[in-house]
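Peer 1: I'd like to ask you about the structure that follows.
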Amino acid sequence: MNSKFLKITSFALILFSIVSCNVKRQEYQSTVSVSGTGTVLAQPDMARMNINFSHVAPTTTEAKSVVDQTMQQILMILQAEGVEDSQINTVSLNFDIEYVWRNGRMVRIGQRAQQTIVVSVNDIINNPERFPILLDKITAIDRVEVRNIQFDIETKTKFFAQSRNLAYQKALEKAEQYASLSGRKLGKALTISEERSRDVMQARPYMSNVLADAVELQSAREFHVPTGEREVTTEIFITFLLE
């Protein structure tokens with residue numbers, strides 16, 4: 001019994017000694033932690049917009065009929081300009097009672113029908129006049145509202161890959177410089193983490209150029225929609241081993 005107990009105790013001590021050595025070795029590892037931010041500029045190749053139309057009539061049937069006719073007119077324009085059905089989505093369809101305030105009380109004046117669709121227009125780089133022409137035709141329809149026009153990139157995968165590569169290279173350059181300054185050699189990367197909130201795409205702010213272009217084009221009576229550029233940004237944090 002004592003012999004067995006001694007063997008177990010000896011094994012535990014050996015295991016504790018190995019673990020302790022590993023912990024001490026890790027504690028005394030020299031490392032350098034750096035960050036890197038990669039930003040890639042990309043021109044939007046698609047536009048997305050909300051198209052809304054509403055009408056008030058004595059009955060819901062009459063209001064809906066006018067909305068249906070107007071939406072059919074809009075869909076015919078979209079079809080003529082090569083917008084596919086998959087790029088058109090109805091996001092809201094409402095039928096409500098319409099009231100107005102008269103002499104301090106609400107008075108019913110009819111029924112309101114309203115429909116909103118979201119339309120995506122692709123390939124605006126190779127065909128830059130496509131979206132302005134389409135927008136001009138739709139806004140020519142009486143009482144049609146076009147809202148929330150946004151420019152985007154249809155496929156962002158390669159731009160995010162480029163920004164991540166750039167972020168890593170910048171972090172690596174920093175780490176190599178710090179290793180050289182400390183008289184050490186840079187070892188392998190121990191940890192890599194990404195700041196998720198920075199792995200995003202956002203518009204570049206150059207409102208002054210947009211306004212200048214708008215004023216100039218308005219005087220020339222040309223319809224132009226400046227799209228600007230988008231920033232695809234990734235920020236990472238890396239810890240390298242110093243040898």
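Scheme for the structure tokens: letters A, B, ... for chains in order shown; per-chain residue numbers from 1; ligand numbers from 1 in order shown.
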With DSSP run on the backbone, what are the strand (DSSP E or B) residues within range 32-201 of chain A? I'd like them as a count of residues only.

Peer 2: 80

Peer 1: Please compute the CA of Ala113 in chain A-CA of Leu75 in chain A distance, one decimal, in Å.

Peer 2: 17.6 Å

Peer 1: Pick out the residues sitting within 12 Å of range 131-142 of chain A, and hand them over as a PyMOL selection string; count only C-alpha atoms, and ignore anything fewer than 5 positions along from it in its own chain.

Peer 2: chain A and resi 45-55+66-67+69-83+119-126+147+149-151+222-227

Peer 1: Distance CA of Asn165 in chain A-CA of Lys188 in chain A, one decimal place?

Peer 2: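 Distance between the two atoms: 16.8 Å.
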
Peer 1: Could you check how far CA of Glu145 in chain A sits from CA of Ala42 in chain A, in Å to one decimal?

Peer 2: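 Going from CA of Glu145 in chain A over to CA of Ala42 in chain A, I get 29.2 Å.
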
Peer 1: Within 10 Å of Val100 in chain A, counting only C-alpha atoms, which residues show up once you throw out same-chain ones fewer than 5 positions away? Write them as a ChimeraX atom specification, please.

Peer 2: /A:105-110

Peer 1: Would you output that residue set with C-alpha atoms, as an mmCIF file, in the first residue's frame?

Peer 2:
data_model
loop_
_atom_site.group_PDB
_atom_site.id
_atom_site.type_symbol
_atom_site.label_atom_id
_atom_site.label_comp_id
_atom_site.auth_asym_id
_atom_site.auth_seq_id
_atom_site.Cartn_x
_atom_site.Cartn_y
_atom_site.Cartn_z
ATOM 1 C CA ARG A 105 -61.861 66.999 -34.144
ATOM 2 C CA MET A 106 -60.780 64.221 -36.478
ATOM 3 C CA VAL A 107 -62.873 63.847 -39.618
ATOM 4 C CA ARG A 108 -62.659 60.830 -41.919
ATOM 5 C CA ILE A 109 -62.029 61.872 -45.531
ATOM 6 C CA GLY A 110 -61.495 58.500 -47.187
#
